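Structure file model19.txt (compact mmCIF, C-alpha atoms) follows.
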```txt
# COMPACT_ATOMS: atom_id res chain seq x y z
CA MET A 1 123.14 113.54 114.32
CA LEU A 2 123.42 115.10 110.88
CA PRO A 3 123.14 118.90 110.85
CA LEU A 4 119.97 120.45 109.51
CA LEU A 5 121.25 123.00 107.01
CA LEU A 6 118.70 125.58 105.94
CA LEU A 7 118.89 126.73 102.34
CA SER A 8 119.07 130.34 103.47
CA LEU A 9 122.45 129.61 105.14
CA ALA A 10 124.18 129.03 101.80
CA PRO A 11 126.22 132.03 100.61
CA ALA A 12 124.53 134.09 97.92
CA GLY A 13 125.16 132.73 94.45
CA GLU A 14 126.36 129.31 95.67
CA PRO A 15 124.37 126.08 95.55
CA PRO A 16 123.35 124.72 98.97
CA ALA A 17 125.36 121.93 100.55
CA PHE A 18 123.74 118.47 100.76
CA PRO A 19 125.35 116.61 103.67
CA VAL A 20 124.40 112.99 102.89
CA LYS A 21 125.56 110.90 99.94
CA PRO A 22 124.00 107.66 98.74
CA THR A 23 125.95 104.54 99.61
CA GLU A 24 125.05 102.98 96.26
CA VAL A 25 123.35 103.90 92.98
CA ARG A 26 122.09 101.02 90.83
CA LYS A 27 121.10 101.23 87.19
CA MET A 28 117.76 99.45 87.22
CA PHE A 29 116.51 99.52 83.65
CA ALA A 30 118.13 100.61 80.40
CA ASP A 31 117.04 99.51 76.95
CA GLY A 32 117.72 102.60 74.81
CA LYS A 33 114.17 103.95 75.12
CA HIS A 34 112.97 106.90 77.18
CA ASN A 35 112.22 105.28 80.56
CA ALA A 36 110.87 107.70 83.12
CA PHE A 37 108.38 108.80 85.83
CA THR A 38 108.81 106.18 88.53
CA ALA A 39 106.44 104.83 91.18
CA PHE A 40 107.80 102.47 93.83
CA VAL A 41 106.24 100.49 96.70
CA LYS A 42 106.72 97.38 98.82
CA PHE A 43 103.55 95.32 98.75
CA LYS A 44 103.11 92.03 100.62
CA GLY A 45 106.87 91.56 100.84
CA THR A 46 107.57 92.29 97.17
CA TYR A 47 109.05 95.45 95.67
CA LEU A 48 107.07 96.80 92.72
CA LEU A 49 108.53 99.50 90.47
CA ALA A 50 106.41 101.17 87.77
CA PHE A 51 107.51 103.59 85.05
CA ARG A 52 106.68 104.80 81.55
CA THR A 53 108.61 103.52 78.54
CA ALA A 54 108.38 105.29 75.18
CA LYS A 55 110.34 106.60 72.23
CA GLU A 56 110.66 110.09 73.71
CA HIS A 57 109.57 112.24 76.67
CA ASN A 58 106.52 113.61 74.83
CA SER A 59 105.92 110.92 72.22
CA ALA A 60 102.43 109.44 72.01
CA ASP A 61 103.48 105.79 72.39
CA GLY A 62 103.98 105.53 76.16
CA ASP A 63 103.27 102.24 77.95
CA ILE A 64 103.59 101.42 81.64
CA VAL A 65 106.02 98.72 82.78
CA VAL A 66 105.82 97.22 86.29
CA LEU A 67 108.81 95.27 87.59
CA LYS A 68 108.84 93.08 90.70
CA SER A 69 111.65 91.96 92.99
CA ALA A 70 112.18 90.21 96.31
CA ASP A 71 115.41 92.11 97.11
CA ALA A 72 115.31 95.30 94.97
CA LYS A 73 118.30 93.95 93.01
CA GLU A 74 117.01 91.25 90.67
CA TRP A 75 113.88 92.27 88.76
CA THR A 76 111.36 90.59 86.47
CA GLU A 77 108.41 92.06 84.57
CA ALA A 78 105.06 91.87 86.37
CA LEU A 79 102.96 93.88 83.93
CA LYS A 80 103.15 95.87 80.71
CA LEU A 81 100.11 98.08 80.33
CA ASP A 82 98.88 99.74 77.14
CA ILE A 83 95.45 101.33 77.52
CA ASP A 84 93.75 101.45 74.13
CA LYS A 85 96.90 102.50 72.22
CA ARG A 86 97.11 105.75 74.20
CA ASP A 87 100.07 107.56 75.73
CA ASP A 88 100.14 106.11 79.25
CA ARG A 89 102.29 107.97 81.79
CA ASP A 90 102.80 109.17 85.38
CA PRO A 91 102.02 105.89 87.23
CA GLN A 92 101.16 106.25 90.94
CA LEU A 93 100.93 103.39 93.47
CA LEU A 94 98.72 103.22 96.56
CA VAL A 95 98.21 100.32 98.97
CA VAL A 96 94.56 100.11 100.08
CA ALA A 97 93.90 97.34 102.62
CA ASP A 98 94.91 94.06 100.92
CA LYS A 99 95.16 95.40 97.38
CA LEU A 100 97.46 97.65 95.40
CA ILE A 101 96.09 100.35 93.11
CA MET A 102 98.06 101.79 90.21
CA TYR A 103 96.83 105.05 88.69
CA VAL A 104 97.82 105.91 85.13
CA ALA A 105 97.31 109.20 83.27
CA SER A 106 96.29 108.10 79.79
CA MET A 107 96.34 110.59 76.91
CA LYS A 108 95.12 110.60 73.34
CA GLY A 109 95.61 113.98 71.71
CA PRO A 110 93.97 116.57 73.99
CA ASP A 111 91.97 113.91 75.85
CA LEU A 112 93.23 112.78 79.26
CA THR A 113 91.74 110.26 81.67
CA THR A 114 93.20 108.83 84.87
CA TYR A 115 92.64 105.07 85.04
CA ALA A 116 93.11 102.69 87.96
CA VAL A 117 94.14 99.04 87.83
CA THR A 118 94.29 96.84 90.92
CA THR A 119 96.04 93.69 92.07
CA GLU A 120 96.02 91.54 95.20
CA ASP A 121 99.17 89.60 94.43
CA GLY A 122 101.25 91.70 92.01
CA LYS A 123 100.65 89.12 89.29
CA THR A 124 97.00 89.38 88.23
CA TRP A 125 95.71 92.87 87.48
CA SER A 126 92.20 94.19 86.90
CA LYS A 127 91.02 95.92 83.77
CA PRO A 128 91.53 99.73 83.75
CA LYS A 129 88.73 101.79 85.30
CA ALA A 130 88.39 105.55 84.84
CA VAL A 131 88.60 107.54 88.09
CA TYR A 132 87.83 111.14 89.05
CA GLU A 133 87.25 113.83 86.37
CA GLU A 134 88.40 114.07 82.78
CA LYS A 135 91.65 116.01 82.23
CA TYR A 136 92.77 115.56 85.87
CA ILE A 137 95.85 113.57 86.92
CA VAL A 138 95.56 111.87 90.31
CA TRP A 139 98.98 112.56 91.80
CA LYS A 140 100.74 110.87 94.77
CA PRO A 141 97.68 109.63 96.70
CA ILE A 142 98.33 108.97 100.40
CA GLN A 143 96.48 107.66 103.43
CA TYR A 144 95.68 109.88 106.40
CA GLY A 145 93.51 108.41 109.13
CA LYS A 146 90.85 106.18 107.60
CA LEU A 147 90.70 108.06 104.29
CA TYR A 148 92.87 108.56 101.23
CA TYR A 149 93.80 111.98 99.86
CA SER A 150 95.44 113.26 96.72
CA GLY A 151 96.17 116.32 94.67
CA ALA A 152 94.55 116.15 91.23
CA HIS A 153 95.87 118.66 88.70
CA LYS A 154 94.16 119.63 85.48
CA LYS A 155 96.32 119.51 82.39
CA ASP A 156 95.63 122.46 80.06
CA GLU A 157 98.24 123.67 77.58
CA VAL A 158 96.17 126.10 75.46
CA SER A 159 95.02 128.80 77.85
CA GLY A 160 98.30 130.29 79.01
CA GLY A 161 97.93 128.45 82.28
CA LYS A 162 94.62 130.07 83.18
CA GLY A 163 92.69 126.84 82.61
CA ARG A 164 94.87 124.89 85.01
CA GLU A 165 94.02 124.11 88.62
CA VAL A 166 94.65 121.53 91.32
CA HIS A 167 91.96 119.92 93.46
CA PHE A 168 92.26 118.47 96.95
CA ILE A 169 90.34 115.17 96.70
CA LYS A 170 89.46 112.34 99.08
CA SER A 171 88.32 108.72 98.90
CA SER A 172 87.34 105.88 101.21
CA ASP A 173 88.46 103.13 98.80
CA GLY A 174 90.97 104.71 96.40
CA ILE A 175 88.58 104.32 93.44
CA ALA A 176 85.68 106.73 94.04
CA TRP A 177 87.15 110.20 94.59
CA GLU A 178 85.38 113.45 95.47
CA LYS A 179 86.54 117.03 95.47
CA VAL A 180 87.00 118.74 98.84
CA SER A 181 88.41 122.06 97.67
CA THR A 182 90.55 123.84 95.09
CA ILE A 183 94.10 124.26 96.32
CA ARG A 184 94.99 126.81 93.64
CA ALA A 185 93.88 127.74 90.13
CA GLY A 186 94.67 129.87 87.11
CA ASN A 187 98.48 129.98 87.01
CA TRP A 188 100.12 126.90 85.48
CA GLU A 189 99.34 124.53 88.36
CA SER A 190 100.95 121.11 87.95
CA GLU A 191 102.09 118.21 90.15
CA THR A 192 100.97 118.76 93.76
CA THR A 193 102.11 116.44 96.53
CA LEU A 194 100.43 116.33 99.95
CA HIS A 195 101.78 115.84 103.48
CA PHE A 196 99.83 115.75 106.75
CA GLU A 197 101.36 116.81 110.06
CA LYS A 198 100.37 115.04 113.29
CA ASP A 199 98.02 117.93 114.18
CA GLY A 200 96.13 117.44 110.91
CA THR A 201 97.63 120.41 109.06
CA CYS A 202 98.00 119.54 105.38
CA PHE A 203 100.84 120.92 103.29
CA ALA A 204 100.58 120.99 99.49
CA PHE A 205 103.87 121.12 97.59
CA LEU A 206 102.85 122.56 94.23
CA ARG A 207 104.81 122.76 91.00
CA GLN A 208 104.03 125.87 88.99
CA LYS A 209 105.03 124.73 85.52
CA TYR A 210 106.00 128.20 84.23
CA GLY A 211 106.75 131.47 85.97
CA SER A 212 108.60 132.08 89.21
CA PRO A 213 108.97 130.63 91.71
CA GLN A 214 108.12 127.20 90.34
CA ALA A 215 108.15 125.73 93.87
CA GLN A 216 105.09 126.68 95.92
CA ILE A 217 104.07 125.48 99.39
CA LEU A 218 100.49 125.92 100.59
CA GLU A 219 98.83 124.78 103.81
CA ALA A 220 95.33 124.24 105.19
CA LYS A 221 93.73 122.96 108.34
CA ALA A 222 90.63 120.78 108.54
CA PRO A 223 88.17 120.86 106.81
CA TYR A 224 90.77 121.84 104.15
CA LYS A 225 88.68 124.44 102.39
CA GLU A 226 91.03 127.43 102.64
CA TRP A 227 94.64 127.25 101.44
CA LYS A 228 97.34 129.82 102.09
CA ASN A 229 100.89 130.17 100.80
CA ARG A 230 104.02 129.66 102.86
CA PRO A 231 107.40 131.18 101.99
CA THR A 232 110.14 128.83 100.74
CA ASP A 233 113.76 129.24 99.67
CA VAL A 234 113.49 126.30 97.25
CA THR A 235 112.91 127.54 93.71
CA HIS A 236 111.94 124.37 91.84
CA PHE A 237 109.75 121.30 92.31
CA SER A 238 109.37 118.66 89.61
CA GLY A 239 107.84 115.18 89.80
CA HIS A 240 108.19 115.42 93.56
CA SER A 241 107.05 113.04 96.28
CA VAL A 242 106.98 113.14 100.09
CA ARG A 243 107.56 110.33 102.56
CA THR A 244 107.88 110.21 106.36
CA TYR A 245 110.08 107.61 108.06
CA GLY A 246 110.14 107.72 111.84
CA ASP A 247 109.85 111.37 112.79
CA VAL A 248 111.57 112.71 109.68
CA THR A 249 109.75 113.87 106.55
CA TYR A 250 111.60 113.86 103.22
CA LEU A 251 110.75 115.58 99.94
CA PHE A 252 112.24 114.13 96.73
CA SER A 253 112.56 116.42 93.73
CA ARG A 254 114.74 117.72 90.92
CA ASP A 255 117.28 120.43 91.55
CA ARG A 256 118.24 123.08 88.99
CA ASN A 257 120.94 124.85 91.00
CA GLY A 258 123.87 122.49 90.81
CA PRO A 259 127.39 123.23 89.53
CA PRO A 260 127.81 124.27 85.88
CA ASP A 261 128.86 120.77 84.79
CA ASN A 262 125.83 119.15 86.46
CA ARG A 263 123.12 121.78 86.84
CA TYR A 264 120.27 119.29 87.18
CA GLY A 265 120.29 116.69 89.93
CA GLN A 266 118.13 114.39 91.99
CA VAL A 267 117.80 115.83 95.48
CA ILE A 268 116.21 115.09 98.83
CA TYR A 269 115.15 117.72 101.36
CA THR A 270 113.98 117.26 104.91
CA PHE A 271 110.82 119.11 105.93
CA ALA A 272 110.30 120.35 109.50
CA ASP A 273 108.62 123.36 111.09
CA GLY A 274 107.33 124.40 107.69
CA LYS A 275 110.82 124.61 106.14
CA LEU A 276 112.81 122.55 103.66
CA ALA A 277 116.49 121.81 104.25
CA PRO A 278 119.04 120.09 101.94
CA TYR A 279 119.71 116.44 102.75
CA SER A 280 121.09 114.49 99.77
CA ARG A 281 122.00 115.01 96.12
CA PHE A 282 123.09 112.25 93.76
CA PRO A 283 123.90 111.53 90.10
CA ALA A 284 121.31 112.77 87.66
CA GLY A 285 121.19 115.14 84.76
CA GLY A 286 119.20 116.54 81.88
CA ASP A 287 115.74 115.00 81.70
CA CYS A 288 115.46 113.52 85.21
CA ALA A 289 113.71 113.22 88.60
CA TYR A 290 110.17 111.88 89.38
CA ALA A 291 111.48 109.95 92.36
CA GLU A 292 109.77 107.69 94.87
CA ALA A 293 111.10 105.95 97.99
CA VAL A 294 110.63 102.85 100.12
CA ARG A 295 112.17 102.35 103.55
CA ASP A 296 114.69 99.53 103.92
CA GLY A 297 115.90 99.32 107.53
CA ASP A 298 118.21 102.27 108.21
CA ASN A 299 118.14 103.29 104.54
CA MET A 300 115.65 104.44 101.97
CA LEU A 301 115.64 103.05 98.45
CA VAL A 302 114.96 105.91 96.02
CA SER A 303 113.81 105.23 92.47
CA TYR A 304 114.25 107.93 89.82
CA TYR A 305 115.11 108.43 86.18
CA SER A 306 117.92 110.36 84.58
CA THR A 307 119.68 111.11 81.29
CA HIS A 308 123.15 111.80 82.73
CA GLU A 309 124.52 108.70 80.97
CA LYS A 310 123.19 109.87 77.55
CA GLN A 311 120.27 107.42 77.66
CA THR A 312 117.14 107.93 79.78
CA ASN A 313 117.36 105.13 82.34
CA ILE A 314 115.82 104.07 85.65
CA TYR A 315 118.04 104.17 88.75
CA LEU A 316 117.80 103.18 92.40
CA ALA A 317 119.80 105.02 95.08
CA VAL A 318 120.44 103.68 98.57
CA VAL A 319 120.36 106.67 100.94
CA PRO A 320 120.91 106.53 104.73
CA LEU A 321 118.03 107.81 106.84
CA LYS A 322 118.58 110.78 109.12
CA LYS A 323 119.53 109.67 112.62
```

Show me the file's structure as structure tokens.
Amino acid sequence: MLPLLLLSLAPAGEPPAFPVKPTEVRKMFADGKHNAFTAFVKFKGTYLLAFRTAKEHNSADGDIVVLKSADAKEWTEALKLDIDKRDDRDPQLLVVADKLIMYVASMKGPDLTTYAVTTEDGKTWSKPKAVYEEKYIVWKPIQYGKLYYSGAHKKDEVSGGKGREVHFIKSSDGIAWEKVSTIRAGNWESETTLHFEKDGTCFAFLRQKYGSPQAQILEAKAPYKEWKNRPTDVTHFSGHSVRTYGDVTYLFSRDRNGPPDNRYGQVIYTFADGKLAPYSRFPAGGDCAYAEAVRDGDNMLVSYYSTHEKQTNIYLAVVPLKK
């Protein structure tokens, strides 16, 4: 069994040790453009990988590309989505019964709308439909029980962070969403990823875009109206996702505490008893992260993007699961 190394055990001033290395890292997509912000799922036996492609990280020309594969090695294009010549970004994928929903945050100047497109076969996709409230990004929706839940964060760049907030929302079909509560508001709230424990406790892993610490963990019990902070030794979340395989829960994020020659990295933590512990760190650098994972037997396939090879490309890491 691999040791569970708590971040607090690392000597002061040294980066924490990550005990597991990927067995393989594949370059998935590289065409000279800025390719980033991955979503990844296995749907009806086919792998589907979505990401944004654009001139630059913040350029206004972003489109969404969806690739499909039978083996996660050979890929073909399943969809290229451009919603009304807007900047389309941050795709999210959710399986609901026999269909797959892709959510896309679509921007035009200060306007932002989350749209949903659906497919039953990965080939034919519906027309985009606006979901939830204007200016909110539906982020990492998951199923718990018979319902679907998500964090939805409000993008606001002009109020010093005071106009930002993140909602805890629910849905019975993945299309019609309603607000349950406000997880946090008024201090640069950004991407917020949810995880439910077996007893129904919900943890919200929140990225505070500016200020310190940028990594925040909050929790609530049903009916999820009151949220309270938990302490954490992790200082940074970015584009993070959470997945549970077997009895082990993993959080995928960007790390900013690596060695001087590779400060930024793609990392995986395990989460247990309310604490995060280092698990794996693999090649990434500069503009990077926004990972997602799919189980593949005794491994997990982890999609992410990185600029460590001078271009901003899409990668897939094969990482052993914790035994």

Next item on the list: Check the smallest atom-to-atom distance from each of A:Phe40, A:Tyr315, A:Phe51, A:Trp125 to Glu292 in chain A using only C-alpha atoms, then report the winner.
Entry: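 Among A:Phe40, A:Tyr315, A:Phe51, A:Trp125, it is A:Phe40 that comes nearest to Glu292 in chain A.
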
Check: Between CA of Pro128 in chain A and CA of Met28 in chain A, what is the distance, to one decimal in Å?
Finding: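 Between CA of Pro128 in chain A and CA of Met28 in chain A the gap works out to 26.5 Å.
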
Note to self: Give me, as a VMD selection string, all polymer residues having an atom no more than 12 Å from Ser150 in chain A, counting all atoms listed in the file and skipping those fewer than 5 positions away in the same chain.
What the structure shows: chain A and resid 92 to 94 103 132 136 to 144 166 to 172 174 to 175 177 to 183 191 to 196 202 to 205 241

Check: CA of Gly274 in chain A to CA of Asp233 in chain A: how many Å, to one decimal?
Finding: 11.4 Å

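Here the question is which of A:His153, A:Lys99, A:Arg263, A:Lys228 gets nearest to Thr119 in chain A using all atoms listed in the file, and that residue is A:Lys99.
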
Margin query: Could you list, as an MDAnalysis selection string, every residue within 12 Å of Glu157 in chain A, counting all atoms listed in the file and ignoring same-chain residues fewer than 4 positions away?
Written below: chainID A and resid 109:111 135 161:165 186:190 209:210

Notebook entry, point to check: What is the distance, in Å and to one decimal place, between CA of Asp156 in chain A and CA of Ala54 in chain A?
Noted result: 21.9 Å

Item checked: Shell of 6 Å around Thr270 in chain A, only C-alpha atoms, local chain residues under 6 positions omitted, as a ChimeraX atom specification -> /A:249-250,276-277

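Take the candidates A:Leu49, A:Phe252, A:Val267, A:Lys275 and check each one against Ile217 in chain A using all atoms listed in the file; the shortest distance goes to A:Lys275.
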
Next item on the list: Between A:Arg295, A:Lys44, A:Arg207, A:Lys155, single out the one closest to Gly239 in chain A, counting only C-alpha atoms.
Entry: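 Residue with the minimum atom-to-atom distance to Gly239 in chain A: A:Arg207.
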
Next item on the list: Kindly indicate which residue among A:Glu74, A:Asp90, A:Asp273, A:Glu24 lies nearest to Ala36 in chain A, using all atoms listed in the file for the distances.
Entry: A:Asp90

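Nearest-residue note for Ala289 in chain A: choosing from A:Lys322, A:His240, A:His308, A:Arg52, the minimum distance belongs to A:His240, counting only C-alpha atoms.
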
Checklist line | Shell around Ala215 in chain A at 8 Å using only C-alpha atoms, local window under 6 positions removed, as a list of chain:residue names | finding: A:Phe205, A:Leu206, A:Arg207, A:Gln208, A:Thr232, A:Val234, A:Thr235, A:His236, A:Phe237
